[in-house]
Amino acid sequence: MRLTVNRGISIVLIGIAVVYLVMAFQLPEYAFVPVDSDLVPKLLGASLLILGVCFFFAKDTDTEEQKQKRTIPKTELWMLLAVMGLILVFITFLEVIGFVIMTTLFIFVCSRLLGYQKWLVNAITSIVFSIGVYWLFNYGLAIRLPAGILPF
């Protein structure tokens with residue numbers, strides 16, 4: 001069995017999924033919540049593990065055209081690094097500032113960075129999505145997201 005790029009990536013993904021699942025099973029359980037906080041991480045870890053195994057056995061030949069597609073232009077590389085930086089800022093300030101504000105800012109800035117030009121639509125979408133997800137998790141699923149500086 002030959003080790004292709006897809007198989008190499010799938011091995012890395014399987015390793016990440018296993019480590020993630022081990023960490024997810026170490027999350028503390030809470031007695032008085034209908035949906036525990038470890039449910040989503042366990043589902044994500046199991047999904048990543050299943051997809052990694054499927055990716056390992058997927059048939060793929062490495063052609064010259066595929067090798068050329070894997071080359072990332074410098075402009076896209078800087079865009080990718082900028083988005084990764086935004087994700088790190090989001091993670092760093094999520095607990096302090098709160099889910100609604102950080103998610104709104106992240107979606108707005110990231111959309112703008114990726115070239116979306118309509119400011120008003122971008123702002124409305126960012127705000128409605130952030131508040132909607134916050135409400136769904138906190139009140140619909142009883143999974144608490146960080147409120148941060150907001151009073152709710």
# chains A, B, ... in the order shown; residues from 1 in each chain; ligands from 1
$ residues_around --residues "Leu48 in chain A" --least-positions-apart "5" --cutoff "10 Å" --atoms "only C-alpha atoms" --output "PyMOL selection string"
chain A and resi 10+13-18+20-21+42-43+53-54
$ write_last_selection --atoms "all heavy atoms" --output "short mmCIF file (atom, residue, chain, number, x, y, z; two decimals), in the first residue's frame"
data_model
loop_
_atom_site.label_atom_id
_atom_site.label_comp_id
_atom_site.auth_asym_id
_atom_site.auth_seq_id
_atom_site.Cartn_x
_atom_site.Cartn_y
_atom_site.Cartn_z
N SER A 10 -4.72 11.92 6.05
CA SER A 10 -5.70 11.18 6.84
C SER A 10 -5.09 10.61 8.11
O SER A 10 -5.74 10.58 9.15
CB SER A 10 -6.33 10.06 6.01
OG SER A 10 -5.40 9.03 5.77
N LEU A 13 -5.00 13.45 10.49
CA LEU A 13 -6.36 13.73 10.97
C LEU A 13 -6.82 12.68 11.98
O LEU A 13 -7.47 13.02 12.98
CB LEU A 13 -7.34 13.79 9.80
CG LEU A 13 -7.24 15.01 8.90
CD1 LEU A 13 -8.20 14.89 7.72
CD2 LEU A 13 -7.51 16.28 9.67
N ILE A 14 -6.50 11.43 11.74
CA ILE A 14 -6.88 10.38 12.68
C ILE A 14 -6.16 10.59 14.01
O ILE A 14 -6.76 10.44 15.09
CB ILE A 14 -6.57 8.98 12.08
CG1 ILE A 14 -7.55 8.69 10.93
CG2 ILE A 14 -6.65 7.89 13.14
CD1 ILE A 14 -7.19 7.48 10.10
N GLY A 15 -4.89 10.96 13.96
CA GLY A 15 -4.14 11.25 15.19
C GLY A 15 -4.75 12.41 15.97
O GLY A 15 -4.92 12.34 17.19
N ILE A 16 -5.09 13.48 15.26
CA ILE A 16 -5.72 14.64 15.90
C ILE A 16 -7.06 14.23 16.51
O ILE A 16 -7.40 14.63 17.63
CB ILE A 16 -5.89 15.80 14.89
CG1 ILE A 16 -4.53 16.37 14.52
CG2 ILE A 16 -6.80 16.88 15.44
CD1 ILE A 16 -4.57 17.36 13.37
N ALA A 17 -7.84 13.42 15.78
CA ALA A 17 -9.15 12.99 16.27
C ALA A 17 -9.02 12.15 17.54
O ALA A 17 -9.81 12.32 18.48
CB ALA A 17 -9.88 12.20 15.19
N VAL A 18 -8.03 11.27 17.58
CA VAL A 18 -7.84 10.43 18.76
C VAL A 18 -7.48 11.29 19.97
O VAL A 18 -8.05 11.15 21.06
CB VAL A 18 -6.78 9.34 18.49
CG1 VAL A 18 -6.35 8.66 19.78
CG2 VAL A 18 -7.32 8.32 17.50
N TYR A 20 -8.08 14.47 20.38
CA TYR A 20 -9.25 15.30 20.67
C TYR A 20 -10.30 14.51 21.44
O TYR A 20 -10.89 15.01 22.41
CB TYR A 20 -9.82 15.83 19.35
CG TYR A 20 -10.93 16.83 19.50
CD1 TYR A 20 -10.65 18.16 19.75
CD2 TYR A 20 -12.26 16.45 19.38
CE1 TYR A 20 -11.67 19.09 19.88
CE2 TYR A 20 -13.28 17.36 19.51
CZ TYR A 20 -12.98 18.68 19.76
OH TYR A 20 -13.98 19.60 19.89
N LEU A 21 -10.53 13.26 21.03
CA LEU A 21 -11.51 12.42 21.73
C LEU A 21 -11.06 12.10 23.15
O LEU A 21 -11.88 12.10 24.08
CB LEU A 21 -11.76 11.13 20.95
CG LEU A 21 -12.78 11.23 19.82
CD1 LEU A 21 -12.78 9.97 18.98
CD2 LEU A 21 -14.16 11.51 20.37
N LYS A 42 -17.45 15.46 21.72
CA LYS A 42 -17.40 14.02 21.43
C LYS A 42 -17.93 13.73 20.03
O LYS A 42 -17.36 12.91 19.30
CB LYS A 42 -18.20 13.24 22.47
CG LYS A 42 -17.50 13.15 23.80
CD LYS A 42 -18.36 12.43 24.82
CE LYS A 42 -17.69 12.39 26.18
NZ LYS A 42 -18.54 11.80 27.21
N LEU A 43 -19.01 14.41 19.63
CA LEU A 43 -19.54 14.22 18.28
C LEU A 43 -18.56 14.71 17.22
O LEU A 43 -18.37 14.05 16.19
CB LEU A 43 -20.88 14.95 18.14
CG LEU A 43 -22.07 14.34 18.88
CD1 LEU A 43 -23.30 15.24 18.73
CD2 LEU A 43 -22.37 12.95 18.37
N VAL A 53 -10.73 8.09 8.59
CA VAL A 53 -10.63 6.70 8.13
C VAL A 53 -11.16 6.58 6.70
O VAL A 53 -10.56 5.91 5.85
CB VAL A 53 -11.38 5.76 9.10
CG1 VAL A 53 -11.50 4.36 8.52
CG2 VAL A 53 -10.67 5.72 10.44
N CYS A 54 -12.29 7.23 6.41
CA CYS A 54 -12.84 7.21 5.05
C CYS A 54 -11.86 7.83 4.05
O CYS A 54 -11.68 7.33 2.94
CB CYS A 54 -14.17 7.95 5.00
SG CYS A 54 -15.50 7.13 5.87
#
$ closest_atom_pairs --of "range 27-55 of chain A" --to "range 125-139 of chain A" --cutoff "12 Å" --atoms "only C-alpha atoms" --output "Markdown table"
| residue | atom | partner | partner_atom | distance |
| --- | --- | --- | --- | --- |
| A:Val33 | CA | A:Asn138 | CA | 11.0 |
| A:Pro34 | CA | A:Tyr139 | CA | 11.3 |
| A:Val35 | CA | A:Phe137 | CA | 10.0 |
| A:Asp36 | CA | A:Phe137 | CA | 11.4 |
| A:Ser37 | CA | A:Phe137 | CA | 10.4 |
| A:Val40 | CA | A:Phe137 | CA | 11.1 |
$ write_last_selection --atoms "C-alpha atoms" --output "PDB file, in the first residue's frame"
ATOM      1  CA  VAL A  33     -28.164  20.127  32.480  1.00  0.00           C
ATOM      2  CA  PRO A  34     -30.170  18.263  29.831  1.00  0.00           C
ATOM      3  CA  VAL A  35     -27.351  18.331  27.257  1.00  0.00           C
ATOM      4  CA  ASP A  36     -23.912  18.073  28.797  1.00  0.00           C
ATOM      5  CA  SER A  37     -21.047  20.241  27.596  1.00  0.00           C
ATOM      6  CA  VAL A  40     -20.541  18.440  20.976  1.00  0.00           C
TER       7      VAL A  40
END
$ residues_around --residues "Ser111 in chain A" --least-positions-apart "3" --cutoff "12 Å" --atoms "only C-alpha atoms" --output "PDB file with all heavy atoms, in the first residue's frame"
ATOM      1  N   MET A  79      -3.575  35.782   2.970  1.00  0.00           N
ATOM      2  CA  MET A  79      -4.984  35.771   3.376  1.00  0.00           C
ATOM      3  C   MET A  79      -5.221  34.642   4.376  1.00  0.00           C
ATOM      4  O   MET A  79      -5.889  34.833   5.395  1.00  0.00           O
ATOM      5  CB  MET A  79      -5.874  35.570   2.145  1.00  0.00           C
ATOM      6  CG  MET A  79      -7.326  35.701   2.400  1.00  0.00           C
ATOM      7  SD  MET A  79      -7.907  37.386   2.319  1.00  0.00           S
ATOM      8  CE  MET A  79      -7.422  37.883   0.701  1.00  0.00           C
ATOM      9  N   ALA A  82      -3.718  35.576   7.692  1.00  0.00           N
ATOM     10  CA  ALA A  82      -4.523  36.606   8.348  1.00  0.00           C
ATOM     11  C   ALA A  82      -5.753  35.990   9.010  1.00  0.00           C
ATOM     12  O   ALA A  82      -6.111  36.343  10.143  1.00  0.00           O
ATOM     13  CB  ALA A  82      -4.937  37.675   7.337  1.00  0.00           C
ATOM     14  N   VAL A  83      -6.412  35.048   8.333  1.00  0.00           N
ATOM     15  CA  VAL A  83      -7.572  34.386   8.913  1.00  0.00           C
ATOM     16  C   VAL A  83      -7.146  33.564  10.130  1.00  0.00           C
ATOM     17  O   VAL A  83      -7.841  33.551  11.159  1.00  0.00           O
ATOM     18  CB  VAL A  83      -8.296  33.511   7.860  1.00  0.00           C
ATOM     19  CG1 VAL A  83      -9.362  32.642   8.507  1.00  0.00           C
ATOM     20  CG2 VAL A  83      -8.918  34.386   6.788  1.00  0.00           C
ATOM     21  N   LEU A  86      -6.793  35.923  12.923  1.00  0.00           N
ATOM     22  CA  LEU A  86      -8.108  36.304  13.445  1.00  0.00           C
ATOM     23  C   LEU A  86      -8.682  35.211  14.343  1.00  0.00           C
ATOM     24  O   LEU A  86      -9.294  35.503  15.381  1.00  0.00           O
ATOM     25  CB  LEU A  86      -9.078  36.587  12.300  1.00  0.00           C
ATOM     26  CG  LEU A  86      -8.908  37.908  11.568  1.00  0.00           C
ATOM     27  CD1 LEU A  86      -9.823  37.964  10.356  1.00  0.00           C
ATOM     28  CD2 LEU A  86      -9.194  39.060  12.497  1.00  0.00           C
ATOM     29  N   THR A 103     -17.802  36.866  18.235  1.00  0.00           N
ATOM     30  CA  THR A 103     -18.262  36.204  17.015  1.00  0.00           C
ATOM     31  C   THR A 103     -18.724  37.223  15.985  1.00  0.00           C
ATOM     32  O   THR A 103     -18.432  37.088  14.795  1.00  0.00           O
ATOM     33  CB  THR A 103     -19.390  35.207  17.338  1.00  0.00           C
ATOM     34  OG1 THR A 103     -18.916  34.278  18.314  1.00  0.00           O
ATOM     35  CG2 THR A 103     -19.820  34.444  16.107  1.00  0.00           C
ATOM     36  N   THR A 104     -19.409  38.259  16.453  1.00  0.00           N
ATOM     37  CA  THR A 104     -19.829  39.323  15.537  1.00  0.00           C
ATOM     38  C   THR A 104     -18.616  39.983  14.890  1.00  0.00           C
ATOM     39  O   THR A 104     -18.574  40.152  13.663  1.00  0.00           O
ATOM     40  CB  THR A 104     -20.668  40.381  16.281  1.00  0.00           C
ATOM     41  OG1 THR A 104     -21.824  39.747  16.836  1.00  0.00           O
ATOM     42  CG2 THR A 104     -21.092  41.499  15.368  1.00  0.00           C
ATOM     43  N   LEU A 105     -17.637  40.344  15.706  1.00  0.00           N
ATOM     44  CA  LEU A 105     -16.422  40.967  15.163  1.00  0.00           C
ATOM     45  C   LEU A 105     -15.678  40.026  14.228  1.00  0.00           C
ATOM     46  O   LEU A 105     -15.192  40.431  13.169  1.00  0.00           O
ATOM     47  CB  LEU A 105     -15.500  41.414  16.300  1.00  0.00           C
ATOM     48  CG  LEU A 105     -15.972  42.612  17.110  1.00  0.00           C
ATOM     49  CD1 LEU A 105     -15.053  42.828  18.313  1.00  0.00           C
ATOM     50  CD2 LEU A 105     -16.025  43.853  16.237  1.00  0.00           C
ATOM     51  N   PHE A 106     -15.564  38.757  14.617  1.00  0.00           N
ATOM     52  CA  PHE A 106     -14.837  37.794  13.788  1.00  0.00           C
ATOM     53  C   PHE A 106     -15.498  37.633  12.424  1.00  0.00           C
ATOM     54  O   PHE A 106     -14.830  37.691  11.395  1.00  0.00           O
ATOM     55  CB  PHE A 106     -14.753  36.435  14.487  1.00  0.00           C
ATOM     56  CG  PHE A 106     -14.109  35.380  13.640  1.00  0.00           C
ATOM     57  CD1 PHE A 106     -12.729  35.346  13.490  1.00  0.00           C
ATOM     58  CD2 PHE A 106     -14.870  34.441  12.972  1.00  0.00           C
ATOM     59  CE1 PHE A 106     -12.130  34.385  12.707  1.00  0.00           C
ATOM     60  CE2 PHE A 106     -14.278  33.478  12.182  1.00  0.00           C
ATOM     61  CZ  PHE A 106     -12.900  33.449  12.043  1.00  0.00           C
ATOM     62  N   ILE A 107     -16.815  37.424  12.408  1.00  0.00           N
ATOM     63  CA  ILE A 107     -17.508  37.244  11.133  1.00  0.00           C
ATOM     64  C   ILE A 107     -17.404  38.500  10.279  1.00  0.00           C
ATOM     65  O   ILE A 107     -17.141  38.437   9.073  1.00  0.00           O
ATOM     66  CB  ILE A 107     -18.979  36.850  11.365  1.00  0.00           C
ATOM     67  CG1 ILE A 107     -19.058  35.465  11.989  1.00  0.00           C
ATOM     68  CG2 ILE A 107     -19.773  36.887  10.062  1.00  0.00           C
ATOM     69  CD1 ILE A 107     -20.447  35.073  12.437  1.00  0.00           C
ATOM     70  N   PHE A 108     -17.595  39.660  10.901  1.00  0.00           N
ATOM     71  CA  PHE A 108     -17.544  40.918  10.158  1.00  0.00           C
ATOM     72  C   PHE A 108     -16.157  41.159   9.555  1.00  0.00           C
ATOM     73  O   PHE A 108     -16.019  41.405   8.360  1.00  0.00           O
ATOM     74  CB  PHE A 108     -17.944  42.089  11.069  1.00  0.00           C
ATOM     75  CG  PHE A 108     -18.041  43.387  10.348  1.00  0.00           C
ATOM     76  CD1 PHE A 108     -19.180  43.697   9.629  1.00  0.00           C
ATOM     77  CD2 PHE A 108     -17.005  44.303  10.374  1.00  0.00           C
ATOM     78  CE1 PHE A 108     -19.284  44.894   8.938  1.00  0.00           C
ATOM     79  CE2 PHE A 108     -17.091  45.495   9.690  1.00  0.00           C
ATOM     80  CZ  PHE A 108     -18.239  45.796   8.965  1.00  0.00           C
ATOM     81  N   LEU A 114     -11.951  38.782   3.408  1.00  0.00           N
ATOM     82  CA  LEU A 114     -12.063  37.860   2.280  1.00  0.00           C
ATOM     83  C   LEU A 114     -12.727  38.490   1.053  1.00  0.00           C
ATOM     84  O   LEU A 114     -12.930  37.820   0.053  1.00  0.00           O
ATOM     85  CB  LEU A 114     -12.819  36.602   2.711  1.00  0.00           C
ATOM     86  CG  LEU A 114     -12.090  35.756   3.752  1.00  0.00           C
ATOM     87  CD1 LEU A 114     -12.969  34.617   4.231  1.00  0.00           C
ATOM     88  CD2 LEU A 114     -10.778  35.226   3.204  1.00  0.00           C
ATOM     89  N   GLY A 115     -13.090  39.769   1.157  1.00  0.00           N
ATOM     90  CA  GLY A 115     -13.528  40.489  -0.028  1.00  0.00           C
ATOM     91  C   GLY A 115     -14.997  40.831  -0.109  1.00  0.00           C
ATOM     92  O   GLY A 115     -15.439  41.380  -1.115  1.00  0.00           O
ATOM     93  N   TYR A 116     -15.786  40.540   0.912  1.00  0.00           N
ATOM     94  CA  TYR A 116     -17.198  40.884   0.863  1.00  0.00           C
ATOM     95  C   TYR A 116     -17.338  42.383   1.078  1.00  0.00           C
ATOM     96  O   TYR A 116     -16.870  42.923   2.071  1.00  0.00           O
ATOM     97  CB  TYR A 116     -17.987  40.096   1.910  1.00  0.00           C
ATOM     98  CG  TYR A 116     -19.466  40.174   1.691  1.00  0.00           C
ATOM     99  CD1 TYR A 116     -20.063  39.476   0.653  1.00  0.00           C
ATOM    100  CD2 TYR A 116     -20.258  40.969   2.496  1.00  0.00           C
ATOM    101  CE1 TYR A 116     -21.420  39.557   0.437  1.00  0.00           C
ATOM    102  CE2 TYR A 116     -21.614  41.065   2.286  1.00  0.00           C
ATOM    103  CZ  TYR A 116     -22.197  40.355   1.255  1.00  0.00           C
ATOM    104  OH  TYR A 116     -23.545  40.452   1.037  1.00  0.00           O
ATOM    105  N   GLN A 117     -18.012  43.087   0.167  1.00  0.00           N
ATOM    106  CA  GLN A 117     -18.015  44.548   0.130  1.00  0.00           C
ATOM    107  C   GLN A 117     -19.213  45.213   0.816  1.00  0.00           C
ATOM    108  O   GLN A 117     -19.129  46.370   1.203  1.00  0.00           O
ATOM    109  CB  GLN A 117     -17.971  45.032  -1.321  1.00  0.00           C
ATOM    110  CG  GLN A 117     -16.733  44.589  -2.074  1.00  0.00           C
ATOM    111  CD  GLN A 117     -15.462  45.208  -1.535  1.00  0.00           C
ATOM    112  OE1 GLN A 117     -15.459  46.358  -1.132  1.00  0.00           O
ATOM    113  NE2 GLN A 117     -14.384  44.446  -1.516  1.00  0.00           N
ATOM    114  N   LYS A 118     -20.334  44.534   0.959  1.00  0.00           N
ATOM    115  CA  LYS A 118     -21.555  45.172   1.457  1.00  0.00           C
ATOM    116  C   LYS A 118     -21.529  45.249   2.977  1.00  0.00           C
ATOM    117  O   LYS A 118     -21.809  44.276   3.669  1.00  0.00           O
ATOM    118  CB  LYS A 118     -22.782  44.420   0.962  1.00  0.00           C
ATOM    119  CG  LYS A 118     -22.889  44.431  -0.552  1.00  0.00           C
ATOM    120  CD  LYS A 118     -24.151  43.748  -1.018  1.00  0.00           C
ATOM    121  CE  LYS A 118     -24.206  43.801  -2.538  1.00  0.00           C
ATOM    122  NZ  LYS A 118     -25.410  43.186  -3.046  1.00  0.00           N
ATOM    123  N   TRP A 119     -21.213  46.426   3.502  1.00  0.00           N
ATOM    124  CA  TRP A 119     -21.024  46.635   4.935  1.00  0.00           C
ATOM    125  C   TRP A 119     -22.297  46.368   5.729  1.00  0.00           C
ATOM    126  O   TRP A 119     -22.253  45.708   6.768  1.00  0.00           O
ATOM    127  CB  TRP A 119     -20.563  48.071   5.201  1.00  0.00           C
ATOM    128  CG  TRP A 119     -19.185  48.341   4.712  1.00  0.00           C
ATOM    129  CD1 TRP A 119     -18.813  48.707   3.453  1.00  0.00           C
ATOM    130  CD2 TRP A 119     -17.985  48.241   5.464  1.00  0.00           C
ATOM    131  NE1 TRP A 119     -17.456  48.845   3.384  1.00  0.00           N
ATOM    132  CE2 TRP A 119     -16.922  48.576   4.617  1.00  0.00           C
ATOM    133  CE3 TRP A 119     -17.700  47.919   6.786  1.00  0.00           C
ATOM    134  CZ2 TRP A 119     -15.605  48.589   5.026  1.00  0.00           C
ATOM    135  CZ3 TRP A 119     -16.385  47.933   7.203  1.00  0.00           C
ATOM    136  CH2 TRP A 119     -15.350  48.257   6.326  1.00  0.00           C
ATOM    137  N   VAL A 121     -25.109  44.623   5.009  1.00  0.00           N
ATOM    138  CA  VAL A 121     -25.505  43.214   4.998  1.00  0.00           C
ATOM    139  C   VAL A 121     -24.560  42.393   5.864  1.00  0.00           C
ATOM    140  O   VAL A 121     -24.980  41.513   6.621  1.00  0.00           O
ATOM    141  CB  VAL A 121     -25.535  42.675   3.548  1.00  0.00           C
ATOM    142  CG1 VAL A 121     -25.791  41.181   3.525  1.00  0.00           C
ATOM    143  CG2 VAL A 121     -26.574  43.408   2.725  1.00  0.00           C
ATOM    144  N   ASN A 122     -23.285  42.705   5.771  1.00  0.00           N
ATOM    145  CA  ASN A 122     -22.268  42.013   6.570  1.00  0.00           C
ATOM    146  C   ASN A 122     -22.512  42.236   8.060  1.00  0.00           C
ATOM    147  O   ASN A 122     -22.457  41.302   8.864  1.00  0.00           O
ATOM    148  CB  ASN A 122     -20.885  42.501   6.159  1.00  0.00           C
ATOM    149  CG  ASN A 122     -19.772  41.643   6.695  1.00  0.00           C
ATOM    150  OD1 ASN A 122     -19.994  40.599   7.302  1.00  0.00           O
ATOM    151  ND2 ASN A 122     -18.554  42.084   6.463  1.00  0.00           N
ATOM    152  N   ALA A 123     -22.793  43.472   8.449  1.00  0.00           N
ATOM    153  CA  ALA A 123     -23.037  43.790   9.862  1.00  0.00           C
ATOM    154  C   ALA A 123     -24.298  43.107  10.375  1.00  0.00           C
ATOM    155  O   ALA A 123     -24.291  42.509  11.455  1.00  0.00           O
ATOM    156  CB  ALA A 123     -23.136  45.302  10.046  1.00  0.00           C
ATOM    157  N   THR A 125     -25.814  40.420   9.179  1.00  0.00           N
ATOM    158  CA  THR A 125     -25.590  38.977   9.217  1.00  0.00           C
ATOM    159  C   THR A 125     -24.742  38.584  10.415  1.00  0.00           C
ATOM    160  O   THR A 125     -25.052  37.609  11.117  1.00  0.00           O
ATOM    161  CB  THR A 125     -24.895  38.516   7.919  1.00  0.00           C
ATOM    162  OG1 THR A 125     -25.700  38.892   6.805  1.00  0.00           O
ATOM    163  CG2 THR A 125     -24.688  37.013   7.915  1.00  0.00           C
ATOM    164  N   SER A 126     -23.698  39.321  10.674  1.00  0.00           N
ATOM    165  CA  SER A 126     -22.816  39.020  11.806  1.00  0.00           C
ATOM    166  C   SER A 126     -23.562  39.095  13.127  1.00  0.00           C
ATOM    167  O   SER A 126     -23.443  38.206  13.978  1.00  0.00           O
ATOM    168  CB  SER A 126     -21.642  40.003  11.840  1.00  0.00           C
ATOM    169  OG  SER A 126     -20.911  39.958  10.661  1.00  0.00           O
TER     170      SER A 126
END
$ closest_residue --among "A:Leu141, A:Leu113, A:Leu88, A:Leu51" --to "Ile9 in chain A" --atoms "only C-alpha atoms"
A:Leu51
$ select_by_dssp --residues "range 10-134 of chain A" --states "helix (DSSP H, G or I)" --output "PyMOL selection string"
chain A and resi 10-24+39-57+64-69+74-97+99-113+119-134
$ residues_around --residues "range 56-58 of chain A" --least-positions-apart "5" --cutoff "8 Å" --atoms "only C-alpha atoms" --output "list in words"
Asn6, Arg7, Ser10 and Ile11 of chain A
$ write_last_selection --atoms "N, CA, C and O atoms" --output "PDB file, in the first residue's frame"
ATOM      1  N   ASN A   6      -3.014  12.086   0.319  1.00  0.00           N
ATOM      2  CA  ASN A   6      -4.295  11.939   1.030  1.00  0.00           C
ATOM      3  C   ASN A   6      -4.170  10.994   2.213  1.00  0.00           C
ATOM      4  O   ASN A   6      -4.740  11.239   3.274  1.00  0.00           O
ATOM      5  N   ARG A   7      -3.439   9.918   2.049  1.00  0.00           N
ATOM      6  CA  ARG A   7      -3.263   8.975   3.159  1.00  0.00           C
ATOM      7  C   ARG A   7      -2.434   9.598   4.271  1.00  0.00           C
ATOM      8  O   ARG A   7      -2.710   9.387   5.453  1.00  0.00           O
ATOM      9  N   SER A  10      -4.717  11.919   6.053  1.00  0.00           N
ATOM     10  CA  SER A  10      -5.704  11.176   6.837  1.00  0.00           C
ATOM     11  C   SER A  10      -5.085  10.607   8.111  1.00  0.00           C
ATOM     12  O   SER A  10      -5.744  10.575   9.151  1.00  0.00           O
ATOM     13  N   ILE A  11      -3.837  10.184   8.069  1.00  0.00           N
ATOM     14  CA  ILE A  11      -3.169   9.686   9.272  1.00  0.00           C
ATOM     15  C   ILE A  11      -3.031  10.811  10.301  1.00  0.00           C
ATOM     16  O   ILE A  11      -3.267  10.615  11.499  1.00  0.00           O
TER      17      ILE A  11
END
$ atom_distance --atom1 "CA of Leu94 in chain A" --atom2 "CA of Arg144 in chain A"
13.0 Å
$ atom_distance --atom1 "CA of Val5 in chain A" --atom2 "CA of Thr75 in chain A"
23.9 Å
$ closest_residue --among "A:Pro41, A:Pro73, A:Pro146, A:Gly52" --to "Val96 in chain A" --atoms "only C-alpha atoms"
A:Pro146
$ atom_distance --atom1 "CA of Ile87 in chain A" --atom2 "CA of Val100 in chain A"
14.9 Å
